[in-house]
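Novice: Sharing a structure with you now.
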Amino acid sequence: MAIITLNSISRTYNSKQVPVHALNCIDLSFDEGEFTAIVGPSGSGKTTLLNIVGGLDDPDEGDVVIDETKINALSGNEKIKFRLHHIGFIFQAYNLIPVLTARENVEFILELQGVPKSERKKRSAELLEAVGIPEKADIRPRQLSGGQQQRVAVARALASRPRFVLADEPTANLDSASAENLLAIMQELNQKENTTFIFSTHDERVVKMARRVVTLQDGKIKTDETS
Amino acid sequence: MLIKIAWRNIWRSPVRSWIIIAALLVGMFAGVFSSTFINGWMVQRLRDGVETETGHIQIFPDGYQNSREVSLYMKPGQLTGVLEHSAASATSPRLIVRGMAASAETARGIVAYGVDPDAEKQVLNLHEKIVEGTWFDSPYSRPIIIGQKLAEQLELKLKSRVVLRFQDVEGTLTGGSFRVAGIFRTSNTAFDEGHVWVKKETLSELLGISSQNCHSLVIRLNDAEQAMNVAGELQAELPGTEVVPWKELSPELGYLTELGNTYLYIFVIIILLALGFGIINTMLMVVLERVREIGMLMSVGMTRWRIFLMIVLETVMLSSTGGLLGIFLGMIAVWRLSITGIDLSVWSTGLTEMGFNPIVYLEWDAALVLSIALLVVATGVLASLYPAWKALKLKPSEAVRAI
Ligand SMILES: Nc1ncnc2c1ncn2[C@@H]1O[C@H](COP(=O)(O)OP(=O)(O)OP(=O)(O)O)[C@@H](O)[C@H]1O
Ligand SMILES: [Mg+2]
């Protein structure tokens, strides 16, 4: 059953006279429990697509429906609240609040959700355990390696028990060992907990781990393959 | 957690934060210091003025204040209610006349008070300001107490003879000769120059007014703060008189307190205004530096309101740290100087001529310090609004793409 449906999404940037058609009439849907890679050359529209799915950006045309909610019709603050409860985000970098420790970064999201303190503690410990760095709980991001930071970001993205996690090139700043490691963790969470992951990437080895690969080119879907 | 984040954010660029903190610290130190300094000065002037010159309340016959007519006086029966008033601790009736004081050399215009020396001692502290001689404790039949400045102008010493001339109750020119029994000196030279004290019997004889009568009744209250209220009450009981509290006896004294505070608020507000722009500038830089982070926060579910609040909190904490620290240090300095005092006589001899004591004992005004503290916090809030609004306006999709 589809949890995300994109109905003929178009997004055009009107920068400096020349309009850029970043996305051109995209129809796409994602099911629960998917582990999907969005690939394509630089500038093909991957980031734009993920931002629109997550409600960070609005399409010029078309609708994004998530579990019956038309997210592009929500107000700015409603979108933020929707994300807080339904969507996990992981970016390429700057995922964490630098002045908070790993544990606090995870707990912060839970606090925003209004989860009571005792439960916040328990859940953040579980999550850091799940991403394999329980011993780094009380360390601030600056003292963590890039791979460790991204694992905290995964833990943080999952903290709110979202319907799905959007990750825009989560491994772009990582060496290949860390990248595979991170993906393995994501894969495990996907299989064990049935968490839906949609991530964009350039990395061939990472692409191989995805079950479904959507390839974009010039803002259009070139291929959509499920293995 | 929001408070924790805001507080820790301040220390992300410690040097920058310390500069703001130091600026506020110095500014508010100066604010507290000058406020208590001026306040101390005013309170002192007020105390001197009320205790030495005017008394807490004076009662005059109707119309006397405008005409200064010696034929307008009050009879003892008119004033019986006064001493029974529970707020009054002492009274001193006076005869008053304007005239000339002349020595062998020269003459000056003066106001002469005819008083009962003991009663006068109960309402004013002029007897404590005697620098030469005594307060009427002399063998002369017609002793006179004069100010040091007048003594200099008339070239008088103790025991010198001085002639007072004025009109009696009939309008006939009269006068008498007196001997200087005491010379006083207050912090107000103008006062010392123009007022002399003689015995009431003497003046009554010369004026032709019974010594039972008086032109003014000076009242000392148990609590000077009550002057306005008590004056109102007395006025209702005493028809045919004017009951005048010190604020009106010497309006410039009344203005002083208000003036001092107004000056101070203006001073502090100007400092805070200048610092406020510095704070705005710093916080704009902060927002600019954290565009990506703010984008990330919006992406993971932090509402705009919370982001706004986070910036406001950070600004308020930053400015309060400096401001409150400055107020605190200012209070310590003031506490020291309220004991030792600051001697300004080196810089300014003109102060005494204006009635100001050159040694200033700093004086607290808790309400004032509290309102400065509140102004600091308010400045923090105001200065945060624009940067916080800037953060609020960021579009998440653009913010997360920012470098
Ligand atoms: N804010 C913007 N203003 C103007 N054009 C933009 C903006 N953001 C993206 N674009 C353009 O839209 C197109 C799609 O960009 P997008 O970032 O989605 O690509 P991408 O597939 O994520 O690329 P990359 O692999 O380099 O991250 C590009 O041509 C890009 O130049
Ligand atoms: Mg991209």
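Ordered as shown in the structure tokens, chains take letters A, B, and onward, while each chain numbers its residues from 1 and ligands are numbered from 1 in the order shown.
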If you count only C-alpha atoms, which residues fall within 7 Å of A:Ile139, apart from same-chain ones fewer than 2 positions away, as a PyMOL selection string?
Specialist: chain A and resi 101-102+136-137+141+143
Novice: Take the residues that were just selected and, keeping C-alpha atoms, output them as a PDB file, in the first residue's frame.
Specialist:
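Wrote selection-v1.pdb, looks like this:
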```pdb
ATOM      1  CA  THR A 101      25.492  15.777  22.804  1.00  0.00           C
ATOM      2  CA  ALA A 102      24.525  12.792  20.691  1.00  0.00           C
ATOM      3  CA  LYS A 136      29.312   8.115  22.261  1.00  0.00           C
ATOM      4  CA  ALA A 137      26.070   9.224  23.857  1.00  0.00           C
ATOM      5  CA  PRO A 141      29.022  16.178  17.280  1.00  0.00           C
ATOM      6  CA  GLN A 143      34.166  15.155  18.506  1.00  0.00           C
TER       7      GLN A 143
END
```
Novice: Residues of chain B near chain A: apply a cut-off of 9 Å, count only C-alpha atoms, and supply the list as a list in words.
Specialist: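 Residues passing the distance filter: Met1, Leu2, Lys4, Ile5, Arg8, Asn9, Arg12, Arg292, Glu293, Met296, Leu297, Met298, Ser299, Val300, Gly301, Met302, Thr303, Arg304, Trp305, Lys395, Pro396, Ser397, Glu398 and Val400 of chain B.
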Novice: Select from stretch 146-210 of chain A everything DSSP, run on the backbone, classes as strand (DSSP E or B), then give the selection as a CSV table (one decimal) with C-alpha atoms, in the first residue's frame.
Specialist:
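Written file, out.csv:
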```
chain,number,residue,atom,x,y,z
A,164,PHE,CA,9.4,7.1,6.5
A,165,VAL,CA,12.9,8.5,6.5
A,166,LEU,CA,14.2,10.8,3.7
A,167,ALA,CA,18.0,10.9,3.3
A,168,ASP,CA,19.7,13.2,0.8
A,196,THR,CA,10.7,3.0,5.0
A,197,PHE,CA,13.8,4.6,3.7
A,198,ILE,CA,14.1,6.8,0.6
A,199,PHE,CA,17.6,8.1,0.0
A,200,SER,CA,19.4,9.8,-2.9
```
Novice: So, counting only C-alpha atoms, which residue among B:Met317, B:Leu272, B:Leu370, B:Leu217 is closest to B:Thr80?
Specialist: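 For B:Thr80, the nearest of the given residues is B:Leu217.
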Novice: List the neighbours of A:Gln191 out to 12 Å using only C-alpha atoms; skip same-chain residues closer than 2 positions along the sequence, and give me the result as number ranges by chain.
Specialist: A: 32-35, 184-189, 193-197, 210-211
Novice: Do you know which residues are at most 7 Å from B:Ala102 counting only C-alpha atoms, after dropping those on the same chain fewer than 3 positions away, and could you put them as an NGL selection string?
Specialist: :B and (106-108 or 162-164)
Novice: I need the chosen residues saved as a short mmCIF file (atom, residue, chain, number, x, y, z; two decimals), in the first residue's frame, with all heavy atoms.
Specialist:
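Written output follows (out.cif):
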```
data_model
loop_
_atom_site.label_atom_id
_atom_site.label_comp_id
_atom_site.auth_asym_id
_atom_site.auth_seq_id
_atom_site.Cartn_x
_atom_site.Cartn_y
_atom_site.Cartn_z
N THR B 106 29.23 98.02 55.14
CA THR B 106 28.30 97.92 54.03
C THR B 106 26.99 97.29 54.47
O THR B 106 26.82 96.99 55.65
CB THR B 106 28.96 97.10 52.87
OG1 THR B 106 27.99 96.86 51.88
CG2 THR B 106 29.47 95.76 53.37
N ALA B 107 26.06 97.10 53.55
CA ALA B 107 24.75 96.55 53.92
C ALA B 107 24.28 95.52 52.91
O ALA B 107 24.67 95.55 51.75
CB ALA B 107 23.74 97.69 54.03
N ARG B 108 23.40 94.62 53.37
CA ARG B 108 22.84 93.57 52.50
C ARG B 108 21.37 93.37 52.82
O ARG B 108 20.98 93.51 53.99
CB ARG B 108 23.52 92.22 52.76
CG ARG B 108 24.97 92.14 52.42
CD ARG B 108 25.18 91.88 50.95
NE ARG B 108 26.60 92.10 50.72
CZ ARG B 108 27.16 92.38 49.57
NH1 ARG B 108 26.44 92.46 48.51
NH2 ARG B 108 28.43 92.56 49.47
N VAL B 162 25.88 94.63 64.50
CA VAL B 162 25.24 94.70 63.20
C VAL B 162 23.85 95.32 63.39
O VAL B 162 23.18 95.06 64.39
CB VAL B 162 25.18 93.31 62.50
CG1 VAL B 162 24.52 92.28 63.40
CG2 VAL B 162 24.45 93.40 61.17
N VAL B 163 23.49 96.18 62.45
CA VAL B 163 22.21 96.89 62.58
C VAL B 163 21.21 96.32 61.57
O VAL B 163 21.54 96.15 60.40
CB VAL B 163 22.40 98.40 62.33
CG1 VAL B 163 21.04 99.11 62.33
CG2 VAL B 163 23.31 98.99 63.39
N LEU B 164 20.02 95.96 62.05
CA LEU B 164 18.96 95.53 61.15
C LEU B 164 17.96 96.67 60.99
O LEU B 164 17.62 97.34 61.96
CB LEU B 164 18.22 94.31 61.72
CG LEU B 164 19.01 93.03 61.96
CD1 LEU B 164 18.05 91.90 62.37
CD2 LEU B 164 19.80 92.63 60.72
#
```
Novice: Check stretch 34-213 of chain A with DSSP on the backbone and list each residue it calls helix (DSSP H, G or I), as an MDAnalysis selection string.
Specialist: chainID A and resid 46:53 71:73 76:86 102:112 117:130 134:136 141:143 146:159 176:193 204:209
Novice: Neighbours of ligand 1 at 7 Å or closer, counting only C-alpha atoms and all ligand atoms: which residues, as a PyMOL selection string?
Specialist: (chain A and resi 13-15+20-22+40-49) or (chain B and resi 398)
Novice: How would the residues just picked look written out with N, CA and C atoms as a PDB file, in the first residue's frame?
Specialist:
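Full text of result15.pdb as output:
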```
ATOM      1  N   TYR A  13      12.604  26.354 -11.151  1.00  0.00           N
ATOM      2  CA  TYR A  13      13.295  27.476 -10.494  1.00  0.00           C
ATOM      3  C   TYR A  13      13.451  28.597 -11.500  1.00  0.00           C
ATOM      4  N   ASN A  14      13.051  29.774 -11.133  1.00  0.00           N
ATOM      5  CA  ASN A  14      13.147  30.901 -12.068  1.00  0.00           C
ATOM      6  C   ASN A  14      14.357  31.777 -11.752  1.00  0.00           C
ATOM      7  N   SER A  15      15.501  31.121 -11.691  1.00  0.00           N
ATOM      8  CA  SER A  15      16.676  31.914 -11.325  1.00  0.00           C
ATOM      9  C   SER A  15      17.263  32.586 -12.546  1.00  0.00           C
ATOM     10  N   VAL A  20      14.698  26.888 -14.749  1.00  0.00           N
ATOM     11  CA  VAL A  20      15.237  25.530 -14.685  1.00  0.00           C
ATOM     12  C   VAL A  20      14.122  24.582 -14.292  1.00  0.00           C
ATOM     13  N   HIS A  21      13.825  23.650 -15.152  1.00  0.00           N
ATOM     14  CA  HIS A  21      12.787  22.663 -14.831  1.00  0.00           C
ATOM     15  C   HIS A  21      13.410  21.540 -14.033  1.00  0.00           C
ATOM     16  N   ALA A  22      13.469  21.731 -12.717  1.00  0.00           N
ATOM     17  CA  ALA A  22      14.151  20.754 -11.861  1.00  0.00           C
ATOM     18  C   ALA A  22      13.386  19.445 -11.811  1.00  0.00           C
ATOM     19  N   GLY A  40      20.871   9.495 -10.145  1.00  0.00           N
ATOM     20  CA  GLY A  40      20.833  10.342 -11.327  1.00  0.00           C
ATOM     21  C   GLY A  40      21.983  11.318 -11.267  1.00  0.00           C
ATOM     22  N   PRO A  41      22.346  11.889 -12.388  1.00  0.00           N
ATOM     23  CA  PRO A  41      23.469  12.815 -12.414  1.00  0.00           C
ATOM     24  C   PRO A  41      23.198  14.066 -11.591  1.00  0.00           C
ATOM     25  N   SER A  42      24.268  14.769 -11.333  1.00  0.00           N
ATOM     26  CA  SER A  42      24.130  16.004 -10.579  1.00  0.00           C
ATOM     27  C   SER A  42      23.198  16.965 -11.307  1.00  0.00           C
ATOM     28  N   GLY A  43      22.279  17.539 -10.584  1.00  0.00           N
ATOM     29  CA  GLY A  43      21.346  18.476 -11.197  1.00  0.00           C
ATOM     30  C   GLY A  43      20.122  17.822 -11.783  1.00  0.00           C
ATOM     31  N   SER A  44      19.991  16.522 -11.569  1.00  0.00           N
ATOM     32  CA  SER A  44      18.860  15.834 -12.172  1.00  0.00           C
ATOM     33  C   SER A  44      17.569  16.039 -11.380  1.00  0.00           C
ATOM     34  N   GLY A  45      17.686  16.554 -10.148  1.00  0.00           N
ATOM     35  CA  GLY A  45      16.460  16.865  -9.400  1.00  0.00           C
ATOM     36  C   GLY A  45      16.235  16.013  -8.165  1.00  0.00           C
ATOM     37  N   LYS A  46      17.247  15.276  -7.727  1.00  0.00           N
ATOM     38  CA  LYS A  46      17.085  14.374  -6.575  1.00  0.00           C
ATOM     39  C   LYS A  46      16.724  15.152  -5.305  1.00  0.00           C
ATOM     40  N   THR A  47      17.547  16.178  -5.029  1.00  0.00           N
ATOM     41  CA  THR A  47      17.306  16.963  -3.811  1.00  0.00           C
ATOM     42  C   THR A  47      15.950  17.642  -3.867  1.00  0.00           C
ATOM     43  N   THR A  48      15.638  18.182  -5.038  1.00  0.00           N
ATOM     44  CA  THR A  48      14.346  18.850  -5.192  1.00  0.00           C
ATOM     45  C   THR A  48      13.210  17.876  -4.912  1.00  0.00           C
ATOM     46  N   LEU A  49      13.336  16.667  -5.400  1.00  0.00           N
ATOM     47  CA  LEU A  49      12.295  15.662  -5.205  1.00  0.00           C
ATOM     48  C   LEU A  49      12.118  15.344  -3.727  1.00  0.00           C
TER      49      LEU A  49
ATOM     50  N   GLU B 398      15.554  26.395   1.105  1.00  0.00           N
ATOM     51  CA  GLU B 398      16.727  27.193   0.743  1.00  0.00           C
ATOM     52  C   GLU B 398      17.761  27.150   1.844  1.00  0.00           C
TER      53      GLU B 398
END
```
Novice: Can you tell me which residues surround B:Glu170 at a distance of at most 12 Å, considering only C-alpha atoms, apart from same-chain residues fewer than 2 positions away, and format the answer as a list in words?
Specialist: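 Selected residues are Glu69, Val70, Ser71, Leu72, Phe166, Gln167, Asp168, Thr172, Leu173, Thr174, Leu206, Leu207, Gly208 and Ile209 of chain B.
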Novice: With distances taken over only C-alpha atoms, which of A:Asp31, A:Asp175, A:Glu180, A:Glu225 is nearest to A:Arg163?
Specialist: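 Closest to A:Arg163 of all the choices is A:Asp31.
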Novice: Quick one: residues within 9 Å of B:Gly276, only C-alpha atoms, excluding same-chain residues fewer than 6 positions away - as a compact mmCIF listing (two decimals) with C-alpha atoms, in the first residue's frame?
Specialist:
```txt
# COMPACT_ATOMS: atom_id res chain seq x y z
CA SER B 319 22.54 40.80 27.34
CA THR B 379 16.70 45.76 25.56
CA GLY B 380 17.65 42.12 25.08
CA LEU B 382 13.83 44.25 21.67
CA ALA B 383 17.24 43.68 20.13
```
